[in-house]
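Asks: Dropping in upload_25.txt, which is compact mmCIF, C-alpha atoms:
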# COMPACT_ATOMS: atom_id res chain seq x y z
CA MET Q 1447 19.37 -45.67 -102.54
CA ASP Q 1448 22.95 -45.22 -101.33
CA ILE Q 1449 23.24 -47.44 -98.27
CA GLU Q 1450 26.29 -45.83 -96.70
CA SER Q 1451 25.21 -42.18 -97.02
CA SER Q 1452 21.65 -42.98 -95.92
CA GLN Q 1453 22.89 -44.78 -92.82
CA ILE Q 1454 25.17 -41.83 -92.02
CA LYS Q 1455 22.14 -39.49 -92.19
CA ILE Q 1456 20.27 -41.60 -89.64
CA ASP Q 1457 23.28 -41.73 -87.34
CA GLU Q 1458 23.90 -37.98 -87.63
CA VAL Q 1459 20.30 -36.92 -87.00
CA GLY Q 1460 19.82 -39.38 -84.17
CA ILE Q 1461 16.64 -40.64 -82.54
CA ASP Q 1462 14.42 -38.04 -80.86
CA SER Q 1463 13.23 -39.48 -77.54
CA ASN Q 1464 10.18 -37.16 -77.45
CA THR Q 1465 8.29 -39.03 -80.18
CA PRO Q 1466 7.37 -42.74 -80.29
CA PHE Q 1467 7.68 -43.31 -84.06
CA LEU Q 1468 10.51 -42.93 -86.58
CA ALA Q 1469 9.72 -42.53 -90.30
CA LEU Q 1470 12.41 -43.02 -92.93
CA HIS Q 1471 11.52 -41.40 -96.27
CA PHE Q 1472 13.36 -42.37 -99.43
CA SER Q 1473 13.10 -42.65 -103.20
CA THR Q 1474 12.33 -46.01 -104.84
CA GLU Q 1475 13.18 -44.92 -108.39
CA ASP Q 1476 16.05 -47.43 -108.52
CA PHE Q 1477 13.66 -50.33 -107.90
CA ASN Q 1478 11.10 -51.90 -110.22
CA LEU Q 1479 8.10 -52.08 -107.85
CA SER Q 1480 4.44 -52.70 -108.60
CA GLU Q 1481 1.22 -53.22 -106.69
CA SER Q 1482 1.30 -56.96 -107.38
CA LYS Q 1483 4.92 -57.42 -106.35
CA ILE Q 1484 4.40 -55.52 -103.09
CA PHE Q 1485 1.29 -57.49 -102.12
CA MET Q 1486 2.92 -60.80 -103.05
CA HIS Q 1487 6.07 -60.09 -101.05
CA PHE Q 1488 4.05 -59.12 -97.98
CA ASN Q 1489 1.64 -62.04 -98.25
CA ASN Q 1490 2.38 -62.79 -94.57
CA LYS Q 1491 0.71 -59.44 -93.79
CA LYS Q 1492 -2.63 -60.44 -95.34
CA GLY Q 1493 -5.35 -58.70 -93.33
CA GLU Q 1494 -3.09 -55.65 -92.82
CA ARG Q 1495 -2.76 -54.33 -96.37
CA PHE Q 1496 -4.51 -51.64 -98.41
CA TRP Q 1497 -4.33 -50.09 -101.86
CA PHE Q 1498 -5.89 -46.69 -102.57
CA LYS Q 1499 -5.60 -45.17 -106.04
CA SER Q 1500 -7.29 -41.90 -106.87
CA LYS Q 1501 -9.24 -41.27 -110.00
CA GLU Q 1502 -8.08 -37.64 -110.30
CA ALA Q 1503 -5.52 -36.66 -107.63
CA ASP Q 1504 -1.92 -37.83 -107.25
CA PHE Q 1505 -2.60 -40.71 -104.86
CA ASN Q 1506 -1.49 -44.26 -105.59
CA ILE Q 1507 -0.64 -45.63 -102.16
CA ILE Q 1508 -0.11 -49.11 -100.78
CA GLY Q 1509 0.06 -49.62 -97.03
CA ILE Q 1510 1.46 -52.71 -95.32
CA GLY Q 1511 1.30 -53.58 -91.62
CA TYR Q 1512 -1.11 -51.56 -89.48
CA LEU Q 1513 1.08 -49.85 -86.88
CA GLU Q 1514 -1.41 -47.55 -85.16
CA SER Q 1515 -5.16 -46.88 -85.31
CA ILE Q 1516 -7.49 -43.98 -84.58
CA ASN Q 1517 -10.90 -45.57 -84.04
CA ARG Q 1518 -14.20 -44.69 -82.41
CA ASN Q 1519 -17.64 -46.22 -81.98
CA GLN Q 1520 -19.22 -42.87 -82.86
CA PHE Q 1521 -18.19 -40.11 -85.27
CA ASN Q 1522 -16.93 -36.93 -83.57
CA ALA Q 1523 -15.20 -34.46 -85.93
CA ASP Q 1524 -13.33 -32.48 -83.26
CA VAL Q 1525 -12.02 -35.59 -81.48
CA LEU Q 1526 -10.88 -37.16 -84.76
CA GLU Q 1527 -9.12 -33.95 -85.81
CA LYS Q 1528 -7.31 -33.81 -82.46
CA LYS Q 1529 -6.28 -37.49 -82.59
CA LYS Q 1530 -5.11 -37.14 -86.21
CA ASN Q 1531 -2.88 -34.16 -85.39
CA GLU Q 1532 -1.47 -35.87 -82.30
CA LEU Q 1533 -0.59 -39.01 -84.24
CA PHE Q 1534 1.21 -37.09 -86.99
CA GLU Q 1535 3.11 -35.08 -84.34
CA ASP Q 1536 4.29 -38.37 -82.80
CA ILE Q 1537 6.33 -39.19 -85.92
CA GLN Q 1538 9.94 -38.08 -86.37
CA THR Q 1539 10.91 -38.12 -90.05
CA ILE Q 1540 14.36 -38.50 -91.58
CA GLU Q 1541 14.67 -37.96 -95.34
CA LEU Q 1542 17.23 -40.27 -96.94
CA SER Q 1543 16.90 -38.92 -100.49
CA ASP Q 1544 16.86 -35.46 -102.08
CA ASP Q 1545 13.88 -33.71 -103.70
CA LEU Q 1546 11.23 -35.91 -102.11
CA LYS Q 1547 7.58 -34.96 -102.72
CA GLY Q 1548 5.44 -37.55 -100.92
CA ASP Q 1549 3.91 -37.50 -97.46
CA ILE Q 1550 2.81 -39.82 -94.67
CA HIS Q 1551 -0.85 -40.84 -94.87
CA LEU Q 1552 -3.59 -42.27 -92.73
CA PHE Q 1553 -6.00 -44.58 -94.55
CA GLY Q 1554 -9.55 -45.48 -93.55
CA GLY Q 1555 -13.05 -44.16 -93.20
CA MET Q 1556 -16.37 -44.99 -91.61
CA ARG Q 1557 -19.28 -47.36 -92.08
CA PHE Q 1558 -22.32 -46.14 -93.98
CA ASP Q 1559 -24.43 -45.92 -90.80
CA ASP Q 1560 -24.68 -47.29 -87.27
CA LYS Q 1561 -27.11 -50.09 -88.10
CA LYS Q 1562 -26.38 -53.10 -85.92
CA THR Q 1563 -24.37 -55.72 -87.76
CA THR Q 1564 -23.92 -59.43 -87.35
CA ASP Q 1565 -20.59 -61.10 -88.11
CA GLU Q 1566 -20.11 -59.84 -91.66
CA TRP Q 1567 -18.67 -56.38 -90.83
CA THR Q 1568 -16.99 -57.02 -87.46
CA ASP Q 1569 -13.47 -56.70 -88.95
CA TYR Q 1570 -14.21 -53.05 -89.79
CA LYS Q 1571 -14.83 -50.58 -86.97
CA MET Q 1572 -17.49 -47.88 -87.07
CA VAL Q 1573 -14.82 -45.19 -87.63
CA GLU Q 1574 -11.16 -46.05 -88.16
CA PHE Q 1575 -8.04 -44.49 -89.64
CA LEU Q 1576 -4.87 -46.59 -89.89
CA LEU Q 1577 -1.18 -45.72 -89.92
CA ALA Q 1578 0.65 -48.33 -92.00
CA SER Q 1579 4.27 -49.22 -91.26
CA TRP Q 1580 5.23 -49.48 -94.95
CA GLN Q 1581 3.74 -46.78 -97.20
CA PHE Q 1582 4.59 -47.11 -100.89
CA ASP Q 1583 3.82 -43.99 -102.95
CA LEU Q 1584 3.73 -45.41 -106.47
CA TYR Q 1585 2.84 -42.05 -108.02
CA ASN Q 1586 6.01 -40.34 -106.78
CA ASN Q 1587 8.17 -43.51 -106.63
CA GLU Q 1588 8.82 -43.00 -102.94
CA CYS Q 1589 8.39 -44.94 -99.72
CA PHE Q 1590 8.05 -44.41 -95.99
CA ILE Q 1591 8.88 -47.05 -93.44
CA ILE Q 1592 7.53 -46.11 -90.01
CA LEU Q 1593 8.91 -47.92 -86.98
CA LYS Q 1594 8.29 -47.89 -83.24
CA LYS Q 1595 11.32 -46.43 -81.52
CA GLU Q 1596 10.97 -48.67 -78.50
CA ASP Q 1597 13.86 -51.16 -78.66
CA LEU Q 1598 14.67 -50.00 -82.24
CA GLU Q 1599 18.18 -50.94 -83.40
CA THR Q 1600 19.28 -48.46 -86.10
CA SER Q 1601 22.62 -50.02 -87.01
CA HIS Q 1602 22.54 -51.57 -90.52
CA LEU Q 1603 18.89 -50.42 -90.80
CA VAL Q 1604 19.27 -49.03 -94.34
CA GLU Q 1605 20.98 -52.21 -95.47
CA LYS Q 1606 18.00 -54.24 -94.19
CA ILE Q 1607 15.53 -51.95 -95.99
CA TYR Q 1608 17.55 -52.16 -99.23
CA LYS Q 1609 17.50 -55.96 -99.03
CA ILE Q 1610 13.70 -55.98 -98.62
CA LEU Q 1611 13.24 -53.63 -101.60
CA LYS Q 1612 15.42 -55.90 -103.76
CA GLU Q 1613 13.36 -58.90 -102.63
CA ILE Q 1614 10.16 -57.10 -103.63
CA GLU Q 1615 11.66 -56.23 -107.02
CA ASP Q 1616 12.55 -59.88 -107.61
CA THR Q 1617 9.14 -61.19 -106.53
CA ASP Q 1618 7.23 -63.25 -109.06
CA SER Q 1619 3.72 -61.80 -108.85
CA ARG Q 1620 1.73 -64.88 -109.80
CA PHE Q 1621 -1.91 -65.38 -108.90
CA ARG Q 1622 -4.64 -68.00 -108.96
CA PHE Q 1623 -7.87 -67.61 -110.93
CA PRO Q 1624 -10.87 -68.29 -108.65
CA GLU Q 1625 -13.28 -70.96 -109.86
CA ILE Q 1626 -16.89 -69.87 -109.36
CA VAL Q 1627 -19.18 -72.44 -107.77
CA SER Q 1628 -22.44 -70.47 -107.66
CA LYS Q 1629 -24.11 -67.05 -108.06
CA HIS Q 1630 -27.17 -66.19 -106.04
CA GLU Q 1631 -29.23 -62.99 -105.94
CA ILE Q 1632 -30.46 -62.19 -102.42
CA TYR Q 1633 -34.27 -61.68 -102.26
CA PRO Q 1634 -34.71 -60.20 -105.80
CA LYS Q 1635 -38.51 -60.57 -105.80
CA ALA Q 1636 -38.87 -59.05 -102.33
CA TRP Q 1637 -36.54 -56.19 -103.34
CA LYS Q 1638 -38.69 -55.31 -106.37
CA GLU Q 1639 -41.75 -55.33 -104.13
CA LEU Q 1640 -39.95 -53.04 -101.66
CA VAL Q 1641 -39.21 -50.57 -104.46
CA ASP Q 1642 -42.86 -50.48 -105.54
CA GLU Q 1643 -43.95 -50.10 -101.90
CA THR Q 1644 -41.45 -47.26 -101.43
CA VAL Q 1645 -42.72 -45.33 -104.46
CA GLY Q 1646 -46.09 -45.30 -102.74
CA VAL Q 1647 -44.77 -43.54 -99.63
CA LEU Q 1648 -42.69 -40.89 -101.43
CA ASP Q 1649 -44.16 -37.38 -101.49
CA ASP Q 1650 -43.12 -33.72 -101.42
CA ASP Q 1651 -41.63 -34.20 -97.95
CA PHE Q 1652 -39.83 -37.45 -98.79
CA GLU Q 1653 -38.46 -37.07 -102.32
CA LYS Q 1654 -35.94 -39.86 -102.77
CA VAL Q 1655 -34.36 -42.89 -101.13
CA VAL Q 1656 -31.61 -45.18 -102.41
CA LEU Q 1657 -32.32 -48.88 -101.94
CA SER Q 1658 -29.59 -51.44 -102.46
CA ARG Q 1659 -29.37 -55.19 -102.74
CA GLU Q 1660 -26.81 -58.02 -102.66
CA LEU Q 1661 -25.45 -60.67 -104.99
CA LEU Q 1662 -23.60 -63.61 -103.43
CA ILE Q 1663 -20.86 -65.48 -105.31
CA ARG Q 1664 -19.18 -68.61 -103.95
CA PHE Q 1665 -15.80 -69.96 -105.05
CA GLU Q 1666 -13.97 -73.28 -104.98
CA GLU Q 1667 -11.20 -71.68 -102.89
CA GLU Q 1668 -10.25 -68.33 -101.34
CA VAL Q 1669 -9.84 -65.40 -103.75
CA ASP Q 1670 -6.20 -64.41 -104.27
CA SER Q 1671 -5.59 -60.67 -103.63
CA ASN Q 1672 -3.07 -60.58 -106.48
CA PHE Q 1673 -5.80 -61.81 -108.83
CA LEU Q 1674 -7.93 -58.88 -107.61
CA ILE Q 1675 -5.09 -56.39 -108.13
CA ASN Q 1676 -4.52 -57.62 -111.67
CA ARG Q 1677 -8.23 -57.28 -112.47
CA LEU Q 1678 -8.63 -53.90 -110.74
CA LYS Q 1679 -5.91 -52.42 -112.94
CA GLN Q 1680 -8.00 -53.18 -116.05
CA GLU Q 1681 -10.24 -50.12 -115.51
CA PRO Q 1682 -8.09 -47.07 -114.68
CA ASP Q 1683 -10.74 -44.32 -114.83
CA THR Q 1684 -12.20 -44.92 -111.37
CA PHE Q 1685 -11.06 -44.89 -107.76
CA THR Q 1686 -9.49 -48.17 -106.71
CA ILE Q 1687 -9.86 -49.42 -103.14
CA LEU Q 1688 -8.62 -52.74 -101.79
CA TYR Q 1689 -8.86 -52.82 -97.99
CA GLU Q 1690 -7.85 -55.91 -96.04
CA LYS Q 1691 -8.71 -56.07 -92.37
CA GLY Q 1692 -8.63 -59.27 -90.34
CA LYS Q 1693 -10.23 -62.02 -92.42
CA SER Q 1694 -12.14 -59.65 -94.73
CA THR Q 1695 -11.27 -57.83 -97.95
CA PHE Q 1696 -13.34 -54.87 -99.16
CA VAL Q 1697 -13.02 -53.87 -102.83
CA SER Q 1698 -14.43 -50.87 -104.68
CA LYS Q 1699 -14.12 -49.44 -108.21
CA THR Q 1700 -16.19 -46.34 -107.61
CA PRO Q 1701 -16.59 -43.35 -109.92
CA GLU Q 1702 -17.73 -41.10 -107.08
CA LYS Q 1703 -15.55 -38.73 -105.10
CA LEU Q 1704 -16.88 -37.53 -101.75
CA PHE Q 1705 -14.31 -34.72 -101.67
CA HIS Q 1706 -10.69 -33.73 -102.25
CA LEU Q 1707 -9.17 -31.10 -99.93
CA LYS Q 1708 -5.91 -29.24 -100.60
CA ASN Q 1709 -4.81 -25.79 -99.40
CA ASN Q 1710 -8.29 -25.23 -97.97
CA THR Q 1711 -9.88 -25.67 -101.41
CA LEU Q 1712 -12.45 -28.43 -101.53
CA SER Q 1713 -13.59 -30.13 -104.72
CA THR Q 1714 -16.44 -32.58 -104.98
CA HIS Q 1715 -19.12 -33.47 -107.49
CA ALA Q 1716 -22.70 -34.54 -107.87
CA ILE Q 1717 -23.17 -37.91 -109.55
CA ALA Q 1718 -26.74 -39.13 -109.88
CA GLY Q 1719 -28.80 -40.54 -112.72
CA SER Q 1720 -27.41 -43.39 -114.77
CA ILE Q 1721 -27.91 -45.48 -117.90
CA ARG Q 1722 -26.16 -48.57 -119.23
CA ARG Q 1723 -23.34 -48.19 -121.73
CA GLU Q 1724 -23.89 -50.39 -124.78
CA SER Q 1725 -21.38 -51.98 -127.17
CA ASP Q 1726 -22.72 -49.96 -130.14
CA ASP Q 1727 -21.06 -46.49 -130.33
CA ALA Q 1728 -23.80 -44.93 -132.47
CA LEU Q 1729 -26.48 -46.17 -130.09
CA ASN Q 1730 -24.50 -44.78 -127.16
CA GLU Q 1731 -24.34 -41.32 -128.73
CA ASN Q 1732 -28.11 -41.27 -129.21
CA ASN Q 1733 -28.66 -42.57 -125.68
CA LYS Q 1734 -26.42 -39.88 -124.19
CA LEU Q 1735 -28.36 -37.09 -125.91
CA ALA Q 1736 -31.64 -38.51 -124.62
CA PHE Q 1737 -30.09 -39.09 -121.18
CA LEU Q 1738 -29.19 -35.40 -120.75
CA GLN Q 1739 -32.85 -34.50 -121.33
CA ASP Q 1740 -34.46 -37.33 -119.36
CA LYS Q 1741 -36.78 -35.82 -116.73
CA LYS Q 1742 -36.41 -38.55 -114.10
CA ASN Q 1743 -32.63 -38.60 -114.25
CA ARG Q 1744 -32.35 -34.79 -114.42
CA PHE Q 1745 -34.60 -34.43 -111.38
CA GLU Q 1746 -32.62 -37.03 -109.45
CA HIS Q 1747 -29.37 -35.27 -110.36
CA ILE Q 1748 -30.51 -31.74 -109.43
CA VAL Q 1749 -31.73 -33.01 -106.06
CA VAL Q 1750 -28.25 -34.39 -105.35
CA ARG Q 1751 -26.40 -31.30 -106.59
CA ASP Q 1752 -28.49 -28.84 -104.58
CA SER Q 1753 -28.25 -30.98 -101.44
CA ILE Q 1754 -24.43 -31.06 -101.62
CA VAL Q 1755 -24.27 -27.27 -102.05
CA GLU Q 1756 -26.58 -26.81 -99.06
CA ASP Q 1757 -24.57 -29.25 -96.92
CA LEU Q 1758 -21.29 -27.43 -97.68
CA THR Q 1759 -22.54 -23.90 -97.06
CA PRO Q 1760 -22.04 -23.82 -93.22
CA TYR Q 1761 -18.39 -24.91 -93.55
CA THR Q 1762 -17.31 -22.80 -96.53
CA SER Q 1763 -16.93 -19.17 -97.56
CA SER Q 1764 -18.00 -19.83 -101.15
CA VAL Q 1765 -19.49 -22.64 -103.24
CA LYS Q 1766 -19.79 -22.82 -107.03
CA TYR Q 1767 -20.64 -25.49 -109.59
CA ASP Q 1768 -20.28 -26.04 -113.36
CA ASP Q 1769 -22.75 -27.22 -115.98
CA THR Q 1770 -23.99 -30.80 -115.85
CA ARG Q 1771 -22.26 -33.23 -118.20
CA ILE Q 1772 -21.92 -36.98 -118.71
CA LEU Q 1773 -19.36 -39.06 -116.86
CA GLU Q 1774 -18.34 -42.10 -118.88
CA ASN Q 1775 -17.31 -45.39 -117.28
CA ARG Q 1776 -16.72 -48.78 -118.82
CA TYR Q 1777 -20.23 -50.11 -118.19
CA ILE Q 1778 -22.35 -47.10 -117.28
CA TYR Q 1779 -22.99 -43.39 -117.93
CA HIS Q 1780 -23.76 -40.93 -115.11
CA LEU Q 1781 -24.93 -37.33 -114.98
CA TYR Q 1782 -22.08 -35.35 -113.41
CA THR Q 1783 -21.64 -31.81 -112.02
CA PRO Q 1784 -18.27 -30.58 -110.60
CA ILE Q 1785 -18.52 -28.49 -107.38
CA GLU Q 1786 -15.80 -26.39 -105.73
CA ALA Q 1787 -15.72 -24.60 -102.35
CA VAL Q 1788 -13.32 -22.77 -100.02
CA LEU Q 1789 -13.26 -24.16 -96.48
CA ASN Q 1790 -13.72 -21.86 -93.48
CA GLU Q 1791 -10.71 -21.57 -91.16
CA GLU Q 1792 -12.68 -22.97 -88.21
CA SER Q 1793 -13.82 -26.08 -90.15
CA ASN Q 1794 -11.88 -29.32 -90.63
CA LEU Q 1795 -12.02 -32.24 -93.05
CA PHE Q 1796 -14.06 -34.38 -90.64
CA ASP Q 1797 -16.72 -31.65 -90.47
CA VAL Q 1798 -16.95 -31.84 -94.26
CA MET Q 1799 -17.07 -35.63 -94.26
CA MET Q 1800 -19.94 -35.72 -91.80
CA ALA Q 1801 -21.78 -32.93 -93.64
CA LEU Q 1802 -21.54 -34.60 -97.06
CA HIS Q 1803 -22.09 -38.23 -96.07
CA PRO Q 1804 -24.35 -39.70 -97.19
CA THR Q 1805 -25.06 -37.71 -100.32
CA PRO Q 1806 -28.55 -38.10 -101.78
CA ALA Q 1807 -26.93 -40.26 -104.47
CA VAL Q 1808 -26.36 -43.03 -101.89
CA GLY Q 1809 -28.88 -42.14 -99.17
CA GLY Q 1810 -31.78 -39.98 -100.23
CA LEU Q 1811 -33.60 -36.76 -99.39
CA PRO Q 1812 -34.29 -35.54 -96.78
CA LYS Q 1813 -31.10 -37.16 -95.52
CA GLU Q 1814 -32.23 -38.20 -92.03
CA ARG Q 1815 -35.60 -39.54 -93.22
CA ALA Q 1816 -33.88 -41.58 -95.95
CA LEU Q 1817 -31.28 -42.98 -93.52
CA GLU Q 1818 -33.95 -44.18 -91.11
CA TYR Q 1819 -35.92 -45.75 -93.97
CA ILE Q 1820 -32.82 -47.58 -95.22
CA LYS Q 1821 -31.98 -48.87 -91.73
CA GLU Q 1822 -35.54 -50.12 -91.28
CA LYS Q 1823 -36.29 -51.56 -94.73
CA GLU Q 1824 -33.07 -52.90 -96.27
CA TYR Q 1825 -32.41 -56.60 -95.67
CA PHE Q 1826 -28.74 -56.22 -94.73
CA THR Q 1827 -26.19 -53.92 -93.10
CA ARG Q 1828 -24.33 -51.75 -95.62
CA GLY Q 1829 -21.09 -51.53 -93.63
CA LEU Q 1830 -18.44 -50.01 -95.93
CA TYR Q 1831 -20.71 -50.13 -98.99
CA ALA Q 1832 -21.44 -46.53 -100.10
CA ALA Q 1833 -19.33 -45.25 -97.19
CA PRO Q 1834 -16.45 -42.69 -97.22
CA ILE Q 1835 -13.02 -44.31 -97.61
CA GLY Q 1836 -9.80 -42.45 -98.35
CA VAL Q 1837 -6.47 -41.01 -97.28
CA ILE Q 1838 -5.35 -38.08 -95.11
CA SER Q 1839 -1.84 -36.65 -95.45
CA ARG Q 1840 0.27 -35.02 -92.75
CA SER Q 1841 0.25 -31.83 -94.86
CA HIS Q 1842 -3.58 -31.71 -94.53
CA GLU Q 1843 -4.37 -32.85 -98.06
CA ALA Q 1844 -7.13 -35.46 -98.11
CA GLU Q 1845 -9.28 -37.37 -100.57
CA PHE Q 1846 -12.27 -39.60 -99.92
CA ALA Q 1847 -14.28 -41.72 -102.31
CA VAL Q 1848 -17.84 -42.98 -101.93
CA SER Q 1849 -17.32 -46.74 -102.03
CA LEU Q 1850 -19.89 -47.78 -104.64
CA ARG Q 1851 -19.41 -50.62 -107.19
CA SER Q 1852 -18.07 -52.69 -104.34
CA MET Q 1853 -17.90 -56.10 -102.69
CA ARG Q 1854 -16.83 -57.74 -99.44
CA ILE Q 1855 -14.80 -60.95 -99.71
CA THR Q 1856 -14.54 -63.40 -96.82
CA ASN Q 1857 -13.17 -66.93 -97.03
CA LYS Q 1858 -14.62 -68.49 -100.22
CA SER Q 1859 -17.42 -66.00 -100.94
CA ALA Q 1860 -17.93 -62.48 -102.27
CA THR Q 1861 -20.96 -60.32 -101.53
CA LEU Q 1862 -21.55 -57.66 -104.21
CA TYR Q 1863 -23.57 -54.49 -103.58
CA ALA Q 1864 -25.58 -52.26 -105.89
CA GLY Q 1865 -28.27 -49.64 -105.35
CA ALA Q 1866 -30.73 -47.44 -107.22
CA GLY Q 1867 -32.29 -44.05 -106.48
CA ILE Q 1868 -36.03 -44.45 -105.94
CA VAL Q 1869 -38.21 -41.46 -106.84
CA LYS Q 1870 -41.75 -40.98 -108.06
CA GLY Q 1871 -41.91 -42.76 -111.40
CA SER Q 1872 -39.58 -45.58 -110.38
CA THR Q 1873 -40.69 -49.19 -110.78
CA GLY Q 1874 -39.35 -52.32 -109.15
CA GLU Q 1875 -38.52 -53.91 -112.49
CA SER Q 1876 -36.67 -50.89 -113.97
CA GLU Q 1877 -34.62 -50.32 -110.79
CA TYR Q 1878 -33.83 -54.04 -110.63
CA GLU Q 1879 -32.39 -53.80 -114.16
CA GLU Q 1880 -30.37 -50.73 -113.15
CA THR Q 1881 -28.80 -52.58 -110.23
CA LYS Q 1882 -27.92 -55.47 -112.56
CA THR Q 1883 -25.87 -52.96 -114.58
CA LYS Q 1884 -24.22 -51.65 -111.42
CA PHE Q 1885 -23.13 -55.15 -110.40
CA ARG Q 1886 -21.15 -55.44 -113.63
CA PRO Q 1887 -17.90 -53.70 -112.53
CA MET Q 1888 -17.39 -56.15 -109.65
CA LEU Q 1889 -18.55 -59.11 -111.73
CA ASN Q 1890 -15.92 -58.08 -114.25
CA VAL Q 1891 -13.24 -57.92 -111.53
CA LEU Q 1892 -14.15 -61.51 -110.59
CA GLU Q 1893 -14.34 -62.56 -114.27
CA ALA Q 1894 -17.94 -63.55 -113.59
CA LEU Q 1895 -19.72 -61.63 -116.36
CA GLU Q 1896 -22.03 -63.72 -118.53
Now, as a test, write the supplied structure out as structure tokens.
Replies:
Amino acid sequence: MDIESSQIKIDEVGIDSNTPFLALHFSTEDFNLSESKIFMHFNNKKGERFWFKSKEADFNIIGIGYLESINRNQFNADVLEKKKNELFEDIQTIELSDDLKGDIHLFGGMRFDDKKTTDEWTDYKMVEFLLASWQFDLYNNECFIILKKEDLETSHLVEKIYKILKEIEDTDSRFRFPEIVSKHEIYPKAWKELVDETVGVLDDDFEKVVLSRELLIRFEEEVDSNFLINRLKQEPDTFTILYEKGKSTFVSKTPEKLFHLKNNTLSTHAIAGSIRRESDDALNENNKLAFLQDKKNRFEHIVVRDSIVEDLTPYTSSVKYDDTRILENRYIYHLYTPIEAVLNEESNLFDVMMALHPTPAVGGLPKERALEYIKEKEYFTRGLYAAPIGVISRSHEAEFAVSLRSMRITNKSATLYAGAGIVKGSTGESEYEETKTKFRPMLNVLEALE
């Protein structure tokens, strides 16, 4: 970054009085930045930081300092689309470097459902999308700093930004290892009994419901976010979400994409049916062959795939899908089918989000019946667990993940979440074992695997 020429650009362009925000966009290629260094430097912004890294698309974004928020108590696609466009239009952008590729993003999502919550999810609103003041694009080695124009002093502004970037580069990204005090499964016996009870009420009109449970871990002291970042980087082949808000931190290493939207082309996938990945490669190969032919898992997967196609049809001009294959993660195998669609001109990304969420892989089928059953029977409020979380760019590209393999950290405790698809043929014991496998990614993040 050339301080003098960049400052001249700001002075020459000037501040547009018709918009309330100024965004400066510049390259960070001359600086050695990392997720850990950025979080450590901005430790005074704890509770206003996020990290979203895509599994497939070109998103690796860290946001610092929540400048503005679009939030609602109820989901309304048209209102959210209008508010999103208005917010982006309120930002004047000055590019300080040549050949820039990145864009300004909103980050956020919605809770799984509107089930009444006690204190555990109050930091996260029902629907919220946040505009961060600092937006580091680590994929493109670029950065935006977005500032309120009110009382903004632009003299020596680039020099101040350069100094901050050098301070980040020189940051020693140390972290503390959390000492685990206890691990406690929440109502495991009652959960198994609920699964067996649920199998008894499933029929041709109520095919599937996903039931989830919790695992509580307590620590000697608060969990360091830089410890989490270091651990989250160990498994690159998933989405990575670290979302601080108030006194809470939500973490997810999910394999599941809700959708990616670019140039009106929407990609998503069906993920349903799972088995544990073993340490023996030969055994894994045999298990995968049997897995592809397993009737229960195939049925569960086809239900999810067909439901997604049906949900997309009203908002798209065409929908197609590929053959089912196996998606490999570090601890688990899933059945996986890629799906692609072209969005109608009159539809927007929030229409798609509401249509797809929750997929049968996290809710059930029929969707409304399963949602009501979950709200009535589960022992806790899901909040952001299994909910859509992602980023929206000013150029209308967007990507949202389904926040599975997740946990909520508050003070000196972490609550882990895992669920299983209940269909005819399920048993409480087998689904309990499946959820134990699905706890493993977050247990690994916390270095709590036995």
Asks: Dig up all the protein and nucleic acid residues within 9 Å of (5.2, -35.5, -82.8) in the file frame, using all atoms listed in the file, and format them as a PyMOL selection string.
Replies: chain Q and resi 1464-1467+1531-1538
Asks: For each of Q:Leu1802, Q:Ala1469, Q:Met1447, Q:Ala1866, take the minimum atom-to-atom distance to Q:Tyr1878, counting only C-alpha atoms, then give the residue where this is smallest.
Replies: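 Of all the options, Q:Ala1866 lies closest to Q:Tyr1878.
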Asks: Taking (-6.4, -28.9, -98.6) as a centre in this file's frame and 12 Å as the limit, can you find every polymer residue with an atom that close, using all atoms listed in the file, and give them as a VMD selection string?
Replies: chain Q and resid 1503 1705 to 1713 1787 to 1791 1793 to 1795 1798 1838 to 1845
Asks: One number please: atom CA of Q:Ser1619 to atom CA of Q:Glu1666, in Å, one decimal.
Replies: 21.4 Å
Asks: Which polymer residues have any atom within 12 Å of an atom of Q:Glu1814, counting all atoms listed in the file, with same-chain residues fewer than 5 positions away left out, as a VMD selection string?
Replies: chain Q and resid 1559 1651 to 1652 1654 to 1655 1801 1803 to 1806 1809 1819 to 1821
Asks: For a test of reading the model, state the distance in Å between atom CA of Q:Gln1680 and atom CA of Q:Leu1892, rounded to one decimal.
Replies: 11.7 Å
Asks: Using only C-alpha atoms, which residue out of Q:Val1669, Q:Leu1657, Q:Leu1735, Q:Ile1785 lies closest to Q:Ile1717?
Replies: Q:Ile1785
Asks: Nearest to Q:Gly1548: which of Q:Leu1468, Q:Ile1507, Q:Met1799, Q:Ile1626 is it, counting only C-alpha atoms?
Replies: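 For Q:Gly1548, the nearest of the candidates is Q:Ile1507.
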Asks: Report as a PDB file with C-alpha atoms, in the frame of the given file all protein, DNA and RNA residues lying within 7 Å of Q:Ala1832, evaluated on all atoms listed in the file, omitting residues in the same chain fewer than 2 positions from it.
Replies:
ATOM      1  CA  PHE Q1558     -22.320 -46.140 -93.980  1.00  0.00           C
ATOM      2  CA  VAL Q1808     -26.360 -43.030-101.890  1.00  0.00           C
ATOM      3  CA  LEU Q1830     -18.440 -50.010 -95.930  1.00  0.00           C
ATOM      4  CA  PRO Q1834     -16.450 -42.690 -97.220  1.00  0.00           C
ATOM      5  CA  VAL Q1848     -17.840 -42.980-101.930  1.00  0.00           C
ATOM      6  CA  SER Q1849     -17.320 -46.740-102.030  1.00  0.00           C
ATOM      7  CA  LEU Q1850     -19.890 -47.780-104.640  1.00  0.00           C
TER       8      LEU Q1850
END
